[in-house]
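*Asks:* Pasting coords24.txt here (compact mmCIF, C-alpha atoms and all ligand atoms):
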# COMPACT_ATOMS: atom_id res chain seq x y z
CA MET B 566 0.00 0.00 0.00
CA PRO B 567 1.34 3.46 -0.82
CA LYS B 568 1.95 5.66 2.21
CA ALA B 569 -1.03 7.94 2.79
CA HIS B 570 -0.34 11.68 2.62
CA PRO B 571 -0.65 13.34 6.00
CA VAL B 572 -3.95 15.15 6.53
CA ILE B 573 -2.23 17.71 8.79
CA SER B 574 1.36 18.70 8.31
CA LEU B 575 3.46 21.29 10.18
CA SER B 576 6.93 22.08 8.98
CA ALA B 577 9.21 24.31 11.09
CA VAL B 578 6.26 26.36 12.31
CA THR B 579 7.07 29.31 14.57
CA LYS B 580 4.78 31.94 16.06
CA ARG B 581 6.08 34.96 17.93
CA PHE B 582 4.08 37.58 19.78
CA GLY B 583 6.60 40.38 20.33
CA ASN B 584 9.34 38.84 22.49
CA VAL B 585 7.29 35.71 23.30
CA THR B 586 7.88 32.68 21.11
CA ALA B 587 4.59 30.84 21.60
CA VAL B 588 5.38 28.06 19.09
CA ASN B 589 9.00 27.33 18.35
CA ASN B 590 10.05 25.50 15.16
CA VAL B 591 7.46 22.73 15.44
CA SER B 592 7.18 19.97 12.83
CA PHE B 593 4.93 16.92 12.82
CA ASP B 594 2.39 15.10 10.67
CA VAL B 595 -1.03 13.64 11.45
CA LYS B 596 -2.23 10.67 9.39
CA PRO B 597 -5.71 10.46 7.88
CA GLY B 598 -8.18 8.93 10.32
CA GLU B 599 -5.95 9.38 13.36
CA LEU B 600 -7.17 10.49 16.77
CA PHE B 601 -4.36 12.84 17.70
CA ALA B 602 -3.81 14.65 21.03
CA LEU B 603 -1.69 17.71 21.65
CA LEU B 604 -0.78 17.96 25.32
CA GLY B 605 1.24 20.40 27.37
CA PRO B 606 1.12 22.70 30.40
CA ASN B 607 -0.65 26.05 30.35
CA GLY B 608 1.11 28.48 28.05
CA ALA B 609 2.85 25.66 26.12
CA GLY B 610 1.49 26.81 22.76
CA LYS B 611 -1.45 24.42 22.20
CA SER B 612 -4.12 27.02 21.46
CA THR B 613 -1.74 29.00 19.28
CA THR B 614 -1.04 25.85 17.25
CA ILE B 615 -4.77 25.15 16.79
CA LYS B 616 -5.44 28.80 15.90
CA MET B 617 -2.75 28.71 13.23
CA LEU B 618 -4.03 25.43 11.80
CA THR B 619 -7.56 26.82 11.65
CA THR B 620 -6.49 30.09 9.90
CA LEU B 621 -7.24 32.31 12.91
CA LEU B 622 -3.57 33.24 13.34
CA LYS B 623 -0.77 33.51 10.78
CA PRO B 624 2.52 31.80 11.63
CA THR B 625 5.63 33.98 11.81
CA SER B 626 7.42 31.36 9.72
CA GLY B 627 7.06 27.76 8.56
CA LYS B 628 4.53 25.87 6.52
CA MET B 629 1.29 24.06 7.34
CA THR B 630 -1.02 22.01 5.18
CA LEU B 631 -4.52 20.73 5.89
CA ALA B 632 -5.96 18.03 3.63
CA GLY B 633 -3.36 19.11 1.06
CA HIS B 634 -4.21 22.83 1.19
CA ASP B 635 -1.61 25.37 2.20
CA VAL B 636 -3.20 26.86 5.32
CA THR B 637 -1.83 30.39 4.85
CA ARG B 638 -2.10 30.60 1.04
CA ALA B 639 -5.37 28.75 0.41
CA GLN B 640 -7.34 29.76 3.49
CA ASP B 641 -10.79 29.21 2.00
CA SER B 642 -10.07 25.65 0.85
CA ALA B 643 -8.36 24.92 4.15
CA ARG B 644 -11.41 26.22 6.03
CA GLN B 645 -13.73 23.84 4.17
CA ALA B 646 -11.52 20.95 5.28
CA PHE B 647 -12.13 21.24 9.01
CA GLY B 648 -14.74 21.67 11.71
CA ILE B 649 -13.90 23.11 15.09
CA VAL B 650 -15.30 22.91 18.60
CA PHE B 651 -14.06 25.79 20.73
CA GLN B 652 -13.58 25.82 24.49
CA ASP B 653 -16.50 28.18 24.98
CA PRO B 654 -19.70 27.14 23.21
CA SER B 655 -20.30 29.44 20.26
CA VAL B 656 -23.78 28.21 19.37
CA ASP B 657 -26.53 30.83 19.21
CA THR B 658 -28.59 30.42 22.38
CA GLU B 659 -31.60 32.36 21.11
CA MET B 660 -32.19 29.79 18.36
CA THR B 661 -33.28 26.17 18.53
CA ALA B 662 -30.81 23.35 17.99
CA TYR B 663 -32.26 22.75 14.52
CA GLU B 664 -32.00 26.43 13.55
CA ASN B 665 -28.35 26.48 14.62
CA MET B 666 -27.71 23.54 12.29
CA GLU B 667 -29.53 25.22 9.39
CA LEU B 668 -27.65 28.48 9.88
CA HIS B 669 -24.33 26.66 9.83
CA ALA B 670 -25.34 24.80 6.66
CA ALA B 671 -26.05 28.14 5.00
CA LEU B 672 -22.78 29.67 6.22
CA TYR B 673 -20.82 26.74 4.82
CA HIS B 674 -22.82 26.61 1.58
CA VAL B 675 -23.84 23.03 2.28
CA ARG B 676 -26.30 22.03 -0.41
CA GLY B 677 -29.84 22.62 0.82
CA GLY B 678 -32.90 20.43 0.48
CA ALA B 679 -33.53 16.86 1.46
CA GLU B 680 -29.87 15.89 1.65
CA THR B 681 -29.05 18.58 4.22
CA LYS B 682 -32.18 17.78 6.23
CA ALA B 683 -31.14 14.13 6.36
CA ARG B 684 -27.60 15.09 7.37
CA ILE B 685 -28.87 17.35 10.17
CA ARG B 686 -31.08 14.56 11.44
CA THR B 687 -28.29 11.96 11.35
CA LEU B 688 -25.94 14.23 13.28
CA LEU B 689 -28.49 15.32 15.86
CA GLU B 690 -29.44 11.68 16.39
CA LEU B 691 -25.81 10.76 16.78
CA VAL B 692 -25.33 13.25 19.63
CA GLU B 693 -28.76 12.32 21.04
CA LEU B 694 -30.33 15.73 20.53
CA TRP B 695 -32.89 14.91 17.85
CA ASP B 696 -35.75 14.84 20.36
CA ARG B 697 -34.63 18.30 21.57
CA LYS B 698 -34.20 19.80 18.11
CA ASP B 699 -36.91 22.43 18.64
CA THR B 700 -35.69 23.52 22.07
CA LEU B 701 -34.03 26.93 22.40
CA VAL B 702 -30.35 26.38 23.07
CA LYS B 703 -30.45 28.72 26.07
CA ASN B 704 -32.33 25.94 27.85
CA PHE B 705 -29.57 23.39 27.16
CA SER B 706 -27.03 22.21 29.74
CA GLY B 707 -23.31 22.78 29.09
CA GLY B 708 -22.90 19.20 27.89
CA MET B 709 -25.82 19.49 25.46
CA LYS B 710 -24.37 22.69 23.99
CA ARG B 711 -21.02 21.01 23.48
CA ARG B 712 -22.74 18.06 21.76
CA LEU B 713 -24.62 20.46 19.50
CA GLU B 714 -21.32 22.16 18.63
CA ILE B 715 -19.84 18.83 17.62
CA ALA B 716 -22.85 17.98 15.43
CA ARG B 717 -22.70 21.43 13.86
CA GLY B 718 -18.96 21.25 13.24
CA LEU B 719 -19.49 18.08 11.21
CA LEU B 720 -22.24 19.29 8.92
CA HIS B 721 -20.01 20.08 5.97
CA HIS B 722 -18.27 16.67 6.06
CA PRO B 723 -14.90 17.98 7.23
CA HIS B 724 -11.75 15.90 6.90
CA VAL B 725 -10.56 17.06 10.29
CA LEU B 726 -12.32 17.93 13.52
CA PHE B 727 -10.40 20.21 15.91
CA LEU B 728 -11.43 20.07 19.55
CA ASP B 729 -9.76 22.56 21.90
CA GLU B 730 -10.32 21.32 25.48
CA PRO B 731 -13.76 19.98 24.56
CA THR B 732 -14.46 18.42 27.95
CA LEU B 733 -13.26 21.17 30.27
CA GLY B 734 -15.85 21.88 32.93
CA LEU B 735 -18.03 18.86 32.10
CA ASP B 736 -18.82 16.08 34.57
CA THR B 737 -17.20 12.67 34.13
CA GLN B 738 -20.28 11.01 32.67
CA THR B 739 -20.75 13.72 30.04
CA ARG B 740 -17.04 13.62 29.23
CA ASN B 741 -17.19 9.88 28.62
CA LEU B 742 -20.27 10.25 26.44
CA LEU B 743 -18.63 12.97 24.38
CA TRP B 744 -15.62 10.82 23.65
CA GLU B 745 -17.91 7.95 22.66
CA TYR B 746 -19.52 10.24 20.04
CA VAL B 747 -16.15 11.41 18.81
CA LYS B 748 -14.85 7.85 18.50
CA THR B 749 -17.99 6.77 16.64
CA LEU B 750 -17.57 9.66 14.19
CA ASN B 751 -13.95 8.87 13.71
CA LYS B 752 -14.88 5.29 12.84
CA GLU B 753 -18.00 5.93 10.78
CA GLU B 754 -16.85 8.99 8.86
CA GLY B 755 -13.13 8.18 8.81
CA MET B 756 -12.62 11.65 10.22
CA THR B 757 -9.30 12.76 11.65
CA VAL B 758 -9.60 14.21 15.16
CA PHE B 759 -7.06 16.66 16.59
CA PHE B 760 -7.65 17.61 20.21
CA THR B 761 -6.16 19.19 23.29
CA THR B 762 -7.08 18.24 26.83
CA HIS B 763 -5.86 18.67 30.37
CA TYR B 764 -7.11 15.21 31.26
CA LEU B 765 -4.26 12.84 30.48
CA GLU B 766 -6.42 9.78 31.07
CA GLU B 767 -8.68 10.99 28.24
CA ALA B 768 -5.75 11.24 25.88
CA GLU B 769 -4.56 7.80 26.95
CA ALA B 770 -7.99 6.27 26.39
CA VAL B 771 -8.82 8.06 23.13
CA ALA B 772 -5.73 9.10 21.18
CA ASP B 773 -3.85 6.92 18.69
CA ARG B 774 -0.82 9.21 19.05
CA ILE B 775 0.08 12.02 21.40
CA ALA B 776 2.38 15.02 21.01
CA PHE B 777 3.78 16.79 24.09
CA ILE B 778 4.73 20.43 23.78
CA ASP B 779 6.37 22.63 26.38
CA HIS B 780 7.59 26.22 26.00
CA GLY B 781 6.46 26.12 22.38
CA GLN B 782 8.65 23.15 21.49
CA LEU B 783 7.68 19.64 20.52
CA ILE B 784 9.31 17.44 23.12
CA ALA B 785 7.91 13.98 22.34
CA LEU B 786 5.51 12.28 19.97
CA GLY B 787 4.22 8.73 19.87
CA THR B 788 1.66 6.22 21.04
CA THR B 789 1.11 5.84 24.80
CA LYS B 790 3.13 2.63 24.57
CA GLU B 791 6.03 4.40 22.85
CA LEU B 792 5.99 7.35 25.25
CA THR B 793 5.91 5.17 28.36
CA LYS B 794 8.66 2.96 26.94
CA GLN B 795 10.78 6.00 26.10
CA THR B 796 10.50 7.29 29.66
CA GLY B 797 10.49 3.95 31.50
CA THR B 798 7.08 4.75 32.98
CA LYS B 799 3.74 2.95 33.17
CA THR B 800 1.14 5.60 32.37
CA LEU B 801 0.87 8.53 30.02
CA GLU B 802 0.61 10.81 33.04
CA ALA B 803 3.92 9.51 34.42
CA ALA B 804 5.52 9.88 30.97
CA TYR B 805 4.27 13.46 30.82
CA LEU B 806 5.68 14.19 34.25
CA ALA B 807 9.03 12.67 33.30
CA LEU B 808 9.23 14.71 30.09
CA THR B 809 7.90 18.07 31.26
CA GLY B 810 8.76 17.92 34.95
CA LYS B 811 5.23 19.07 35.62
CA THR B 812 1.96 17.53 36.70
CA VAL B 813 -1.04 18.56 34.73
CA ARG B 814 -3.37 19.18 37.62
CA ASP B 815 -1.35 21.42 39.87
CA GLU B 816 -0.61 23.91 37.12
CA THR B 817 -1.18 27.41 38.37
CA PRO B 818 -3.64 28.78 35.88
CA GLY B 819 -2.76 32.05 34.22
CA LYS B 820 -5.06 35.01 34.71
CA GLY B 821 -6.76 34.32 31.40
CA ASP B 822 -7.49 30.74 32.39
CA GLU B 823 -8.95 31.73 35.74
CA TRP B 824 -11.22 34.15 34.02
CA ARG B 825 -12.21 31.54 31.46
CA ASN B 826 -12.87 28.88 34.07
CA ARG B 827 -15.01 31.21 36.14
CA ARG B 828 -16.97 32.16 33.09
CA ARG B 829 -17.36 28.53 32.15
CA ALA B 830 -18.49 27.57 35.67
CA ARG B 831 -21.20 30.22 35.39
CA MET B 832 -22.31 28.92 32.02
CA MET B 833 -22.48 25.33 33.21
CA ARG B 834 -24.82 26.11 36.06
P1 LIG B 901 -1.73 26.92 25.74
O1 LIG B 901 -2.90 26.83 24.82
O2 LIG B 901 -0.82 25.72 25.64
O3 LIG B 901 -2.10 27.19 27.15
P2 LIG B 901 -1.12 29.35 24.28
O4 LIG B 901 -0.94 28.90 22.89
O5 LIG B 901 -2.41 29.98 24.64
O6 LIG B 901 -0.79 28.14 25.28
O7 LIG B 901 0.03 30.39 24.66
C1 LIG B 901 1.42 30.17 24.37
C2 LIG B 901 2.22 31.41 24.80
O8 LIG B 901 1.92 32.50 23.93
C3 LIG B 901 1.94 31.90 26.20
O9 LIG B 901 3.12 32.39 26.75
C4 LIG B 901 0.92 33.01 25.98
O10 LIG B 901 0.99 33.96 27.02
C5 LIG B 901 1.41 33.59 24.65
N1 LIG B 901 0.31 34.19 23.85
C6 LIG B 901 -0.75 33.54 23.34
N2 LIG B 901 -1.54 34.37 22.63
C7 LIG B 901 -0.94 35.59 22.70
C8 LIG B 901 -1.25 36.89 22.18
N3 LIG B 901 -2.34 37.07 21.42
N4 LIG B 901 -0.41 37.90 22.45
C9 LIG B 901 0.69 37.71 23.21
N5 LIG B 901 1.05 36.53 23.73
C10 LIG B 901 0.25 35.48 23.48
Mind turning this structure into structure tokens?

*Replies:*
Amino acid sequence: MPKAHPVISLSAVTKRFGNVTAVNNVSFDVKPGELFALLGPNGAGKSTTIKMLTTLLKPTSGKMTLAGHDVTRAQDSARQAFGIVFQDPSVDTEMTAYENMELHAALYHVRGGAETKARIRTLLELVELWDRKDTLVKNFSGGMKRRLEIARGLLHHPHVLFLDEPTLGLDTQTRNLLWEYVKTLNKEEGMTVFFTTHYLEEAEAVADRIAFIDHGQLIALGTTKELTKQTGTKTLEAAYLALTGKTVRDETPGKGDEWRNRRRARMMR
């Protein structure tokens, strides 16, 4: 079998904000159909990497491709190739779940008519929101909003789904359910999934391969088995600790994170 082209490729990607080098000369590839996790302490450069891959930020130097499209030169084609679920739900709360799906279809120029209706139904059924399709989203719980975001992000049949901390602030049961949906989609649609999380056990349970970044640099990449072997440890969490010298949970959140978490806690209530 010929080697499949990577669906995501970063080559010597650097992003500077003034004196801060947020992402420092990072190169790696993600294979089609992979479930790929990007892990690292706060401020490591995860969000900046996702923002660059999703055309929200321009790299200072280096090259990135998404489903074969140059992310900086062919932004529109690159945008059609992915769906994204942000940390903070961005669904419109004054509309129903179904209306949110229709609006997104229009924004992405998904062909209208029976085909789109069927697609909306399939996706809402998949995330178990079909029976709530006519409910205003403001009456949804945090977990339901996140599920709706996932369904919406998939409407235009993207090659890649980006999930930036998709389970932050959700209870364990909802987190497990969310990953079940994501894994089903990955299997049924052959969709590549690129995610960040602070929960190492999630990455261990879900990801095919994991990249660790710290201070903007890629410090290790492999399967859980490879990373634990490389560090002589037993769990991904221990491997992470050995490689970064940090535990994930006792990170002191930056001001921005505190603000975000407070805001999220309010939204989840
Ligand atoms: P992570 O997502 O891993 O927590 P980020 O990618 O958000 O990390 O941040 C990486 C580094 O870049 C941090 O030092 C952060 O303060 C800095 N940074 C991120 N965005 C900006 C910005 N817009 N302006 C200046 N510095 C930024």

*Asks:* Which residues come within 10 Å of range 613-622 of chain B, counting only C-alpha atoms, excluding same-chain residues fewer than 4 positions away, as a ChimeraX atom specification?

*Replies:* /B:573-575,578-581,587-588,591,603,608-609,629-631,635-641,643-644,646-649,727-729,759-761,781

*Asks:* What does the file look like for those residues with C-alpha atoms, as a PDB file, keeping the file's coordinate frame?

*Replies:*
ATOM      1  CA  ILE B 573      -2.230  17.710   8.790  1.00  0.00           C
ATOM      2  CA  SER B 574       1.360  18.700   8.310  1.00  0.00           C
ATOM      3  CA  LEU B 575       3.460  21.290  10.180  1.00  0.00           C
ATOM      4  CA  VAL B 578       6.260  26.360  12.310  1.00  0.00           C
ATOM      5  CA  THR B 579       7.070  29.310  14.570  1.00  0.00           C
ATOM      6  CA  LYS B 580       4.780  31.940  16.060  1.00  0.00           C
ATOM      7  CA  ARG B 581       6.080  34.960  17.930  1.00  0.00           C
ATOM      8  CA  ALA B 587       4.590  30.840  21.600  1.00  0.00           C
ATOM      9  CA  VAL B 588       5.380  28.060  19.090  1.00  0.00           C
ATOM     10  CA  VAL B 591       7.460  22.730  15.440  1.00  0.00           C
ATOM     11  CA  LEU B 603      -1.690  17.710  21.650  1.00  0.00           C
ATOM     12  CA  GLY B 608       1.110  28.480  28.050  1.00  0.00           C
ATOM     13  CA  ALA B 609       2.850  25.660  26.120  1.00  0.00           C
ATOM     14  CA  MET B 629       1.290  24.060   7.340  1.00  0.00           C
ATOM     15  CA  THR B 630      -1.020  22.010   5.180  1.00  0.00           C
ATOM     16  CA  LEU B 631      -4.520  20.730   5.890  1.00  0.00           C
ATOM     17  CA  ASP B 635      -1.610  25.370   2.200  1.00  0.00           C
ATOM     18  CA  VAL B 636      -3.200  26.860   5.320  1.00  0.00           C
ATOM     19  CA  THR B 637      -1.830  30.390   4.850  1.00  0.00           C
ATOM     20  CA  ARG B 638      -2.100  30.600   1.040  1.00  0.00           C
ATOM     21  CA  ALA B 639      -5.370  28.750   0.410  1.00  0.00           C
ATOM     22  CA  GLN B 640      -7.340  29.760   3.490  1.00  0.00           C
ATOM     23  CA  ASP B 641     -10.790  29.210   2.000  1.00  0.00           C
ATOM     24  CA  ALA B 643      -8.360  24.920   4.150  1.00  0.00           C
ATOM     25  CA  ARG B 644     -11.410  26.220   6.030  1.00  0.00           C
ATOM     26  CA  ALA B 646     -11.520  20.950   5.280  1.00  0.00           C
ATOM     27  CA  PHE B 647     -12.130  21.240   9.010  1.00  0.00           C
ATOM     28  CA  GLY B 648     -14.740  21.670  11.710  1.00  0.00           C
ATOM     29  CA  ILE B 649     -13.900  23.110  15.090  1.00  0.00           C
ATOM     30  CA  PHE B 727     -10.400  20.210  15.910  1.00  0.00           C
ATOM     31  CA  LEU B 728     -11.430  20.070  19.550  1.00  0.00           C
ATOM     32  CA  ASP B 729      -9.760  22.560  21.900  1.00  0.00           C
ATOM     33  CA  PHE B 759      -7.060  16.660  16.590  1.00  0.00           C
ATOM     34  CA  PHE B 760      -7.650  17.610  20.210  1.00  0.00           C
ATOM     35  CA  THR B 761      -6.160  19.190  23.290  1.00  0.00           C
ATOM     36  CA  GLY B 781       6.460  26.120  22.380  1.00  0.00           C
TER      37      GLY B 781
END

*Asks:* Kindly indicate which residue among B:Asn741, B:Ser626, B:Thr700, B:Gln782 lies nearest to ligand LIG 901 (chain B), using only C-alpha atoms and all ligand atoms for the distances.

*Replies:*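 So, comparing all the options, the nearest one is B:Gln782.
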
*Asks:* Of the candidates B:Asp779, B:Glu754, B:Asp736, B:Glu680, which shows the shortest atom-to-atom distance to ligand LIG 901 (chain B), using all atoms listed in the file?

*Replies:* B:Asp779

*Asks:* Find, counting all atoms listed in the file, the residue in B:His570, B:Lys752, B:His669, B:Lys623 that gets nearest to Ala716 in chain B.

*Replies:* B:His669

*Asks:* Between CA of Asn584 in chain B and CA of Ala776 in chain B, what is the distance in Å, rounded to a tenth?

*Replies:*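 Pair CA of Asn584 in chain B / CA of Ala776 in chain B returns 24.9 Å.
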
*Asks:* Just give me the gap between CA of His724 in chain B and CA of Ala632 in chain B in Å, one decimal is fine.

*Replies:*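 CA of Ala632 in chain B lies 7.0 Å from CA of His724 in chain B.
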
*Asks:* Would you mind completing range 719-755 of chain B so that it carries N, CA and C atoms, and writing it out as a CSV table (one decimal), in the frame of the given file?

*Replies:*
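This is the output file selection_29.csv:
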chain,number,residue,atom,x,y,z
B,719,LEU,N,-19.7,19.2,12.1
B,719,LEU,CA,-19.5,18.1,11.2
B,719,LEU,C,-20.4,18.2,10.0
B,720,LEU,N,-21.2,19.2,10.0
B,720,LEU,CA,-22.2,19.3,8.9
B,720,LEU,C,-21.7,19.3,7.5
B,721,HIS,N,-20.6,20.0,7.3
B,721,HIS,CA,-20.0,20.1,6.0
B,721,HIS,C,-19.0,19.0,5.6
B,722,HIS,N,-19.1,17.8,6.3
B,722,HIS,CA,-18.3,16.7,6.1
B,722,HIS,C,-16.8,17.0,6.1
B,723,PRO,N,-16.3,17.6,7.2
B,723,PRO,CA,-14.9,18.0,7.2
B,723,PRO,C,-14.0,16.8,7.3
B,724,HIS,N,-12.8,17.0,6.8
B,724,HIS,CA,-11.8,15.9,6.9
B,724,HIS,C,-11.2,15.8,8.3
B,725,VAL,N,-11.2,17.0,9.0
B,725,VAL,CA,-10.6,17.1,10.3
B,725,VAL,C,-11.5,17.8,11.3
B,726,LEU,N,-11.6,17.2,12.5
B,726,LEU,CA,-12.3,17.9,13.5
B,726,LEU,C,-11.3,18.4,14.6
B,727,PHE,N,-11.3,19.7,14.9
B,727,PHE,CA,-10.4,20.2,15.9
B,727,PHE,C,-11.2,20.4,17.2
B,728,LEU,N,-10.7,19.9,18.3
B,728,LEU,CA,-11.4,20.1,19.6
B,728,LEU,C,-10.4,20.7,20.6
B,729,ASP,N,-10.7,21.9,21.0
B,729,ASP,CA,-9.8,22.6,21.9
B,729,ASP,C,-10.4,22.5,23.3
B,730,GLU,N,-9.8,21.6,24.1
B,730,GLU,CA,-10.3,21.3,25.5
B,730,GLU,C,-11.8,21.1,25.5
B,731,PRO,N,-12.3,20.1,24.7
B,731,PRO,CA,-13.8,20.0,24.6
B,731,PRO,C,-14.5,19.5,25.8
B,732,THR,N,-13.8,19.0,26.8
B,732,THR,CA,-14.5,18.4,28.0
B,732,THR,C,-14.2,19.2,29.2
B,733,LEU,N,-13.5,20.3,29.1
B,733,LEU,CA,-13.3,21.2,30.3
B,733,LEU,C,-14.6,21.6,30.9
B,734,GLY,N,-14.7,21.4,32.2
B,734,GLY,CA,-15.8,21.9,32.9
B,734,GLY,C,-17.0,20.9,32.9
B,735,LEU,N,-16.9,19.8,32.2
B,735,LEU,CA,-18.0,18.9,32.1
B,735,LEU,C,-17.8,17.7,33.1
B,736,ASP,N,-19.0,17.2,33.6
B,736,ASP,CA,-18.8,16.1,34.6
B,736,ASP,C,-18.3,14.8,33.9
B,737,THR,N,-17.8,13.9,34.7
B,737,THR,CA,-17.2,12.7,34.1
B,737,THR,C,-18.1,11.9,33.2
B,738,GLN,N,-19.4,11.8,33.5
B,738,GLN,CA,-20.3,11.0,32.7
B,738,GLN,C,-20.4,11.7,31.3
B,739,THR,N,-20.6,13.0,31.3
B,739,THR,CA,-20.8,13.7,30.0
B,739,THR,C,-19.5,13.6,29.2
B,740,ARG,N,-18.3,13.7,29.9
B,740,ARG,CA,-17.0,13.6,29.2
B,740,ARG,C,-16.9,12.3,28.5
B,741,ASN,N,-17.3,11.2,29.2
B,741,ASN,CA,-17.2,9.9,28.6
B,741,ASN,C,-18.1,9.8,27.4
B,742,LEU,N,-19.3,10.3,27.5
B,742,LEU,CA,-20.3,10.2,26.4
B,742,LEU,C,-19.7,11.0,25.2
B,743,LEU,N,-19.2,12.2,25.5
B,743,LEU,CA,-18.6,13.0,24.4
B,743,LEU,C,-17.6,12.2,23.6
B,744,TRP,N,-16.7,11.6,24.3
B,744,TRP,CA,-15.6,10.8,23.6
B,744,TRP,C,-16.2,9.6,22.9
B,745,GLU,N,-17.3,9.0,23.4
B,745,GLU,CA,-17.9,8.0,22.7
B,745,GLU,C,-18.4,8.5,21.3
B,746,TYR,N,-19.1,9.7,21.3
B,746,TYR,CA,-19.5,10.2,20.0
B,746,TYR,C,-18.4,10.5,19.1
B,747,VAL,N,-17.3,11.1,19.6
B,747,VAL,CA,-16.2,11.4,18.8
B,747,VAL,C,-15.5,10.1,18.2
B,748,LYS,N,-15.4,9.1,19.0
B,748,LYS,CA,-14.8,7.8,18.5
B,748,LYS,C,-15.7,7.2,17.4
B,749,THR,N,-17.1,7.3,17.6
B,749,THR,CA,-18.0,6.8,16.6
B,749,THR,C,-17.8,7.5,15.3
B,750,LEU,N,-17.7,8.8,15.4
B,750,LEU,CA,-17.6,9.7,14.2
B,750,LEU,C,-16.3,9.3,13.5
B,751,ASN,N,-15.2,9.2,14.3
B,751,ASN,CA,-14.0,8.9,13.7
B,751,ASN,C,-14.0,7.6,12.9
B,752,LYS,N,-14.8,6.6,13.5
B,752,LYS,CA,-14.9,5.3,12.8
B,752,LYS,C,-15.8,5.4,11.6
B,753,GLU,N,-17.0,6.0,11.8
B,753,GLU,CA,-18.0,5.9,10.8
B,753,GLU,C,-17.7,6.9,9.6
B,754,GLU,N,-17.1,8.0,9.9
B,754,GLU,CA,-16.8,9.0,8.9
B,754,GLU,C,-15.4,9.0,8.5
B,755,GLY,N,-14.6,8.2,9.1
B,755,GLY,CA,-13.1,8.2,8.8
B,755,GLY,C,-12.5,9.5,9.1
